[in-house]
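Visitor: Supplied in C-alpha cells, the structure appears directly below.
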Amino acid sequence: MWGFGSYEIGIAKDAITALGWWRIAYIGVIMIPVFFTNFIIAFLGLKRKGLLISLYALSAVFMAANLSGDYFIHEVSFSFNQFYYLSSPPFTYSAFIIAFLVMIAYGHTELLMAYKGSKGIKHSQIKYFLYAAMPSFTGGALEFLPVYGINIYPYLHIAIALSAFTVTYAIFRYRLMDIRIVIRKALIYFAAAAFSYAIFFAIAWAFENYFGGVFTSAAYLVGSILAPLFVIFLLRLYALVQKTADRYLFSDLYAHQQMIVKLSDQLTRSIDLSKILNLIVNDIKDAMKLDRAGVLLREERGKAVKYEVAKAVGFEEHDDIRKVGDELLARYLEKTQKPLVTDELVLLSEDPEAAMKNGKAGKLAESLQNSEVALCLPMIISGELIGMIVLGSRISGDAYSSEDLNALSTLTKQASVAVNNARLYKEVRDFSWNLEQKVDEQTREIRAQKDQLARLLAVEKRAHATLRRANEELRELDANKSDFMSITQHHLRTPLSINAGIVDLMLSGAYGKPPKEMKDVMIKLRDSNQKGIEVVNELLDISSYQMGKSVINLDKEIDFPALMEETLKDLRNAAQRKGLYLKYEQKTEIPKMRADRMKMKLVLTNVIDNCIKYTDKGGVTIAMKAVGGKLRIDIADTGIGLSAGVKKNLFKRAFSRGEEAQKMSAVGKGVGLFLSAKIVKGHHGKIWGESRADDEGSVFHIELPLKKGKN
Amino acid sequence: MRPKVLFIEDDFSQVGLYGKKFEMEGFEFMSAGDGKEGMAAAKEKQPDLIFLDILMPGENGLEVLKKLKKDKTTKGIPTILFTNLSDKISRKKSKEMGAVDFLVKTDISLNDLVVKAREHLKIA
C-alpha cells in the first residue's frame with residue numbers, strides 16, 4: 001500500500017492529490033507496525049493476545065485519525081522533487097510515530113531474544129527475518145525524520161527493497177516457504193523470455209537501421225540465418241540458467257547427492273556392523289555439519305523390544321538419548337515411516353486444536369528436545385522399524401532444508417539395508433560360530449570317549465599282561481617244583497643207591513671174601529638201605545602228588561599175577577615171623593594189562609603188609625580175578641577190623657594210622673595206604689576197605705580197569 | 001674183545017662203584033665227568049654202550065643226549081639214561097630223544113644193571 005501510495009505521490013502533480021495519496025499510503029503505514037508485531041507474536045508463538053488486541057485498537061484510533069481529517073497529516077510541501085508532508089506533526093502523528101517505534105522495537109527485541117535461544121528452522125527464519133526487518137525498518141524510519149525538520153532524503157528506502165530480497169532468499173534457502181522449484185522455473189522462463197525479448201528488439205533495431213525496415217527482403221534473408229542461431233543460443237541459455245539456478249538454489253542438493261553416492265558406495269563395501277554404523281554416524285555428521293549424530297537399533301530382549309543406542313557421537317551424557325528410543329517414538333516412526341523433525345513436532349504439539357490428540361506428541365517433542373535430537377530418521381525394512389538414525393542440529397544452527405531431508409531419507413534407506421545385512425550377516429556368523437562351537441564340543445566329547453575307550457583297552461591290555469605274567473610265574477613255579485623234585489630225588493636217592501651198590505660189591509667179594517658174621521651184617525645193612533630207598537620213593541611220590549605231579553607210568557603192559565607172586569615172596573617172611581598164614585588164589589585168567597609195575601607193587605605190598613601188621617592170629621587171604629573188564633583183588637585178614645571212622649579216613653589222610661594202630665608197635669606205614677589210594681586212582685581204579693561179614697577182621701578191595709580208558 | 005661202556009656221570013663215588021662192578025663183569029669201563037667230556041669221549045673212543053646221568057653241572061643229560069643223537073659218529077651208540085629222577089616227563093622225553101632205556105638208580109641193583117647192559121648189547 002505504502003509503496004503504491006509512494007509511487008502515486010511521486011507522480012502527483014499537485015499538493016492536494018499528494019496529500020490524498022499520502023493519506024492512503026499511510027493506511028498502509030499505520031498498519032505496518034501492528035501487522036509486524038502480530039506477525040512476530042504469531043511467528044514466535046508468543047501468547048500476547050491482550051497486547052495484540054490493544055495494539056489493534058490503537059491502530060484503529062490512528063487510522064481514524066488519519067482518514068478523518070487533519071489529525072494525522074494535514075499539509076504537504078514540495079521537497080526532494082516530490083510532494084512531501086512536511087508539516088509540523090500533530091500530536092496524534094507523533095504519538096503514532098512513538099507507537100510505531102515502540103512496536104517495532106518490541107518486535108525486534110522479541111525476535112532477538114528468540115533468535116538467541118532458537119535452533120533449526122526457527123533460527124534461520126528469524127535470522128533472515130531480522131536481516132530483512134531491521135534494515136528495512138531503519139530505512140523506513142528515516143522517512144519520518146523530514147517530518148521533524150531533519151531534511152534527509154530517506155535513501156534507505158532501498159533497504160526496504162532489500163528486505164524483500166532477503167525474505168526471498170530465506171524462502172529459497174531455508175524453505176521459509178518451499179517454492180524454490182516454482183521460482184526456479186519462473187526464473188528460467190523469465191530469463192528465456194527476457195533474452196528473447198532483448199534479441200527481438202535488438203534485431204528489430206538492427207534491421208531498422210541497416211536494412212531500412214523489418215520487412216525488407218534483406219532482412220528476411222538475414223533473419224533466416226539468425227533464426228536458427230537464435231534457437232541454439234536460447235537453448236544454451238536455458239541450460240545455463242537452469243544450471244546456475246540449480247547451483248545457487250539447489251547447491252546443497254549437489255552436495256547431498258555427492259554425499260549419498262559416497263556413503264552408499266562405502267556402505268555396500270562393508271558387512272561389518274560397527275563399520276557401517278561408524279560410516280553412517282560420522283559421515284553424516286561431517287557432511288551435514290552436525291553437532292550430534294547417532295543410531296539406535298532394534299534389540300529383542302526376550303519378549304520386549306527396545307531400541308538401544310548402537311552408536312552415538314557428540315551426544316553428551318546429560319542428553320540421555322536412550323530416552324529417545326522409547327516405544328512412543330518407535331511406534332510413531334513405524335506408522336509414519338517418515339523422518340521426524342523435532343521442530344515440526346513441537347509446532348504440532350503446540351497447536352491448541354490438536355492438543356488433545358497430540359498430548360503425547362508434546363511429551364515426545366519435549367524428550368527429543370531435551371536430548372538435543374533435531375531429526376529422527378526411521379530405518380524401515382519390510383515395513384518394520386529396525387532402528388533409527390538420530391541427528392542433532394547443524395552446527396551453524398540452520399534448519400534442515402527439504403533437500404537435506406530428501407537426501408537423508410535416501411541415505412537412511414541405504415543405511416537400513418546395509419545395517420540389516422550386517423545384522424543378518426552377524427546372525428549367520430554367530431550361528432555358524434555357535435555351530436562350530438557345538439561341533440567342537442561334540443568332537444571333544446567324541447575324542448574324550450575315544451580316549452576313555454583307549455584307556456579301557458589299555459587297562460585290559462594290562463590285565464592281559466598281568467595274566468600272562470601270572471601264567472609265566474606259575475610255569476616258573478612249576479618248573480621250580482620240578483627242579484625241586486629233581487634235586488630232591490637226586491640228593492635223597494644218590495647216597496642210598498651208592499650204599500646199595502657198595503654193599504652189593506662187598507657181598508659179591510669184590511673187596512675180598514667177607515667172613516660170615518660180616519656177611520650177615522652186610523645183608524642187614526642192605527635190607528635197611530632198601531627200606532630207606534622205599535621210604536624215600538614213597539615220600540617223593542607223595543610230594544609229587546601234592547605238587548600236582550603225576551608219576552603213574554602206564555606205558556608198559558605187565559603180567560599182574562607175576563607181580564603178585566613177586567610181592568608175596570617178599571612178604572611171606574614177615575607173615576611167617578608172626579606165625580600167620582598167607583594164602584593166595586588166582587581165580588581166573590588174567591590178561592596182560594597196562595599198569596605201573598613198581599607202583600602197583602607198592603600198593604600190594606602196602607595193603608598186605610598192613611593186614612599182616614594188624615593181625616595177630618590167623619592170616620591173610622588174597623584172591624584175584626578178572627571180571628567185567630576189571631581186575632579184582634580181595635585181601636582179607638583176621639585182624640582187628642576197621643571201625644567206621646577209621647574206614648573212612650584210612651585211605652584219606654597220610655599218617656593217620658587209626659586209633660588201633662597206636663596199640664600196635666609198628667613201623668609207621670600210614671603213608672602207605674594214602675599213597676596206595678592215590679596210585680590206584682592214578683590207574684583209574686578203586687580201592688576200599690570194609691569189615692568182614694563175620695566181624696572178624698577186615699577186607700580190602702582193589703579194582704583196576706583191564707583196558708585203558710575204562711572206569 | 002671186551003665191550004666198552006661209557007658212563008657220563010659227575011658223582012665220582014658212583015663212578016667208582018660202577019666202574020668196579022663193570023670191570024669185574026668183564027667190561028671195558030670209561031667215564032666222563034660232564035657233557036663236554038662225554039661228547040668228546042664218545043666221539044673218540046666209540047663205546048658200545050653209554051650210560052648217561054641227567055643231573056650234571058653244565059649241560060644236563062637230556063641236552064647231551066640230544067647232541068649225541070645229532071652227531072653222526074655217535075648217534076648209533078645205544079644210550080641208557082641212568083638217573084635218580086623218576087618223573088614221567090624225563091622218562092618220556094628221553095624216549096622221544098632216542099634213548100634205549102631209562103633206569104632209576106635206586107630202583108636197580110648193580111647186578112641188574114649189568115644184566116640190562118648185556119641185554120642192550122645183545123650179548124648174554
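Chain labels A, B, ... are given in the sequence in which chains occur in the C-alpha cells; within each chain residues are numbered consecutively from 1, and ligands are likewise numbered from 1 in the order shown.
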Per residue of chain A within 7 Å of chain B, note the shortest atom pair and the distance in Å to one decimal, counting only C-alpha atoms, and order the rows by chain and increasing residue number, as CSV.

Guide:
```
residue,atom,partner,partner_atom,distance
A:Ser486,CA,B:Leu85,CA,5.7
A:Gln489,CA,B:Leu85,CA,6.0
A:His490,CA,B:Asn84,CA,4.9
A:Arg493,CA,B:Thr106,CA,6.1
A:Thr494,CA,B:Asn84,CA,6.9
A:Leu496,CA,B:Thr106,CA,6.8
A:Ser497,CA,B:Thr106,CA,4.8
A:Ile498,CA,B:Gln14,CA,6.2
A:Gly501,CA,B:Leu110,CA,5.8
A:Ile502,CA,B:Leu17,CA,6.6
A:Asp504,CA,B:Leu110,CA,7.0
A:Leu505,CA,B:Lys21,CA,7.0
A:Ile533,CA,B:Thr106,CA,6.5
A:Val551,CA,B:Lys88,CA,5.8
A:Asn553,CA,B:Lys88,CA,6.7
```

Visitor: What lies within 8 Å of Leu68 (chain B) using only C-alpha atoms, ignoring chain neighbours under 6 positions off, as a PyMOL selection string?

Guide: chain B and resi 39+74-75

Visitor: For region 698-706 of chain A, work out the shell of residues within 6 Å, counting only C-alpha atoms and skipping chain neighbours fewer than 3 positions away, then give it as an MDAnalysis selection string.

Guide: chainID A and resid 593 629:637 641 685:692 710

Visitor: Write a file of the just-selected residues containing N, CA, C and O atoms, as a PDB file, in the first residue's frame.

Guide:
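Generated file (result.pdb):
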```pdb
ATOM      1  N   MET A 593      48.024-156.430  31.257  1.00  0.00           N
ATOM      2  CA  MET A 593      47.321-155.143  31.393  1.00  0.00           C
ATOM      3  C   MET A 593      48.314-154.003  31.618  1.00  0.00           C
ATOM      4  O   MET A 593      49.432-154.236  32.081  1.00  0.00           O
ATOM      5  N   GLY A 629      35.552-156.831  32.701  1.00  0.00           N
ATOM      6  CA  GLY A 629      36.536-155.875  32.185  1.00  0.00           C
ATOM      7  C   GLY A 629      37.409-155.271  33.272  1.00  0.00           C
ATOM      8  O   GLY A 629      38.132-154.327  33.023  1.00  0.00           O
ATOM      9  N   LYS A 630      37.336-155.867  34.442  1.00  0.00           N
ATOM     10  CA  LYS A 630      38.123-155.300  35.539  1.00  0.00           C
ATOM     11  C   LYS A 630      38.915-156.399  36.239  1.00  0.00           C
ATOM     12  O   LYS A 630      38.510-157.548  36.274  1.00  0.00           O
ATOM     13  N   LEU A 631      40.017-155.920  36.799  1.00  0.00           N
ATOM     14  CA  LEU A 631      40.806-156.819  37.637  1.00  0.00           C
ATOM     15  C   LEU A 631      40.387-156.595  39.084  1.00  0.00           C
ATOM     16  O   LEU A 631      40.393-155.476  39.562  1.00  0.00           O
ATOM     17  N   ARG A 632      40.063-157.688  39.769  1.00  0.00           N
ATOM     18  CA  ARG A 632      39.567-157.544  41.146  1.00  0.00           C
ATOM     19  C   ARG A 632      40.470-158.329  42.090  1.00  0.00           C
ATOM     20  O   ARG A 632      40.752-159.506  41.878  1.00  0.00           O
ATOM     21  N   ILE A 633      40.920-157.583  43.103  1.00  0.00           N
ATOM     22  CA  ILE A 633      41.768-158.221  44.111  1.00  0.00           C
ATOM     23  C   ILE A 633      41.106-158.062  45.479  1.00  0.00           C
ATOM     24  O   ILE A 633      40.760-156.930  45.846  1.00  0.00           O
ATOM     25  N   ASP A 634      40.936-159.109  46.168  1.00  0.00           N
ATOM     26  CA  ASP A 634      40.388-159.027  47.525  1.00  0.00           C
ATOM     27  C   ASP A 634      41.431-159.526  48.518  1.00  0.00           C
ATOM     28  O   ASP A 634      41.966-160.618  48.368  1.00  0.00           O
ATOM     29  N   ILE A 635      41.675-158.722  49.522  1.00  0.00           N
ATOM     30  CA  ILE A 635      42.673-159.091  50.544  1.00  0.00           C
ATOM     31  C   ILE A 635      41.971-159.093  51.891  1.00  0.00           C
ATOM     32  O   ILE A 635      41.548-158.039  52.365  1.00  0.00           O
ATOM     33  N   ALA A 636      41.873-160.235  52.467  1.00  0.00           N
ATOM     34  CA  ALA A 636      41.137-160.358  53.736  1.00  0.00           C
ATOM     35  C   ALA A 636      42.068-160.764  54.872  1.00  0.00           C
ATOM     36  O   ALA A 636      42.951-161.598  54.666  1.00  0.00           O
ATOM     37  N   ASP A 637      41.858-160.161  56.002  1.00  0.00           N
ATOM     38  CA  ASP A 637      42.662-160.582  57.154  1.00  0.00           C
ATOM     39  C   ASP A 637      41.746-160.954  58.325  1.00  0.00           C
ATOM     40  O   ASP A 637      40.544-160.712  58.287  1.00  0.00           O
ATOM     41  N   GLY A 641      40.138-155.580  62.504  1.00  0.00           N
ATOM     42  CA  GLY A 641      38.994-154.975  61.817  1.00  0.00           C
ATOM     43  C   GLY A 641      39.100-153.442  61.761  1.00  0.00           C
ATOM     44  O   GLY A 641      40.051-152.831  62.239  1.00  0.00           O
ATOM     45  N   GLY A 685      41.465-146.740  38.962  1.00  0.00           N
ATOM     46  CA  GLY A 685      40.837-147.864  39.663  1.00  0.00           C
ATOM     47  C   GLY A 685      40.218-147.445  40.976  1.00  0.00           C
ATOM     48  O   GLY A 685      40.101-146.254  41.268  1.00  0.00           O
ATOM     49  N   LYS A 686      39.805-148.384  41.756  1.00  0.00           N
ATOM     50  CA  LYS A 686      39.151-148.102  43.038  1.00  0.00           C
ATOM     51  C   LYS A 686      39.763-148.951  44.135  1.00  0.00           C
ATOM     52  O   LYS A 686      40.141-150.105  43.904  1.00  0.00           O
ATOM     53  N   ILE A 687      39.813-148.420  45.301  1.00  0.00           N
ATOM     54  CA  ILE A 687      40.272-149.186  46.458  1.00  0.00           C
ATOM     55  C   ILE A 687      39.446-148.806  47.676  1.00  0.00           C
ATOM     56  O   ILE A 687      39.186-147.632  47.896  1.00  0.00           O
ATOM     57  N   TRP A 688      39.010-149.839  48.400  1.00  0.00           N
ATOM     58  CA  TRP A 688      38.231-149.556  49.609  1.00  0.00           C
ATOM     59  C   TRP A 688      38.328-150.724  50.592  1.00  0.00           C
ATOM     60  O   TRP A 688      38.707-151.817  50.248  1.00  0.00           O
ATOM     61  N   GLY A 689      37.956-150.421  51.776  1.00  0.00           N
ATOM     62  CA  GLY A 689      38.053-151.473  52.802  1.00  0.00           C
ATOM     63  C   GLY A 689      36.770-151.569  53.592  1.00  0.00           C
ATOM     64  O   GLY A 689      35.995-150.616  53.655  1.00  0.00           O
ATOM     65  N   GLU A 690      36.550-152.724  54.153  1.00  0.00           N
ATOM     66  CA  GLU A 690      35.355-152.903  54.996  1.00  0.00           C
ATOM     67  C   GLU A 690      35.578-154.056  55.987  1.00  0.00           C
ATOM     68  O   GLU A 690      36.484-154.860  55.824  1.00  0.00           O
ATOM     69  N   SER A 691      34.723-154.021  56.935  1.00  0.00           N
ATOM     70  CA  SER A 691      34.838-155.103  57.931  1.00  0.00           C
ATOM     71  C   SER A 691      34.283-156.400  57.351  1.00  0.00           C
ATOM     72  O   SER A 691      33.384-156.388  56.518  1.00  0.00           O
ATOM     73  N   ARG A 692      34.866-157.469  57.814  1.00  0.00           N
ATOM     74  CA  ARG A 692      34.385-158.775  57.320  1.00  0.00           C
ATOM     75  C   ARG A 692      32.976-159.066  57.819  1.00  0.00           C
ATOM     76  O   ARG A 692      32.551-158.562  58.839  1.00  0.00           O
ATOM     77  N   LYS A 710      38.899-147.150  30.576  1.00  0.00           N
ATOM     78  CA  LYS A 710      37.677-147.547  31.266  1.00  0.00           C
ATOM     79  C   LYS A 710      37.694-147.012  32.694  1.00  0.00           C
ATOM     80  O   LYS A 710      38.737-146.668  33.212  1.00  0.00           O
TER      81      LYS A 710
END
```

Visitor: Could you pull out the strand (DSSP E) residues of chain B, going by DSSP on the backbone, and write them as number ranges by chain?

Guide: B: 4-8, 28-32, 49-52, 79-83, 101-104

Visitor: For the atom pair CA of Ile77 (chain B) and CA of Asp10 (chain B), what is the interatomic distance in Å to one decimal place?

Guide: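 Separation between CA of Ile77 (chain B) and CA of Asp10 (chain B): 20.4 Å.
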
Visitor: How far is it from CA of Asp527 (chain A) to CA of Met564 (chain A), in Å with one decimal?

Guide: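 So the answer is 20.5 Å.
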
Visitor: Could you tell me, as number ranges by chain, which residues of chain B DSSP assigns to alpha helix (DSSP H) when given the backbone?

Guide: B: 12-24, 35-45, 61-70, 88-97, 110-121

Visitor: From the set B:Asp112, B:Glu119, B:Glu96, B:Glu25, which residue has the shortest atom-to-atom contact distance to Leu65 (chain B), counting only C-alpha atoms?

Guide: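 Among the listed residues, B:Glu96 lies closest to Leu65 (chain B).
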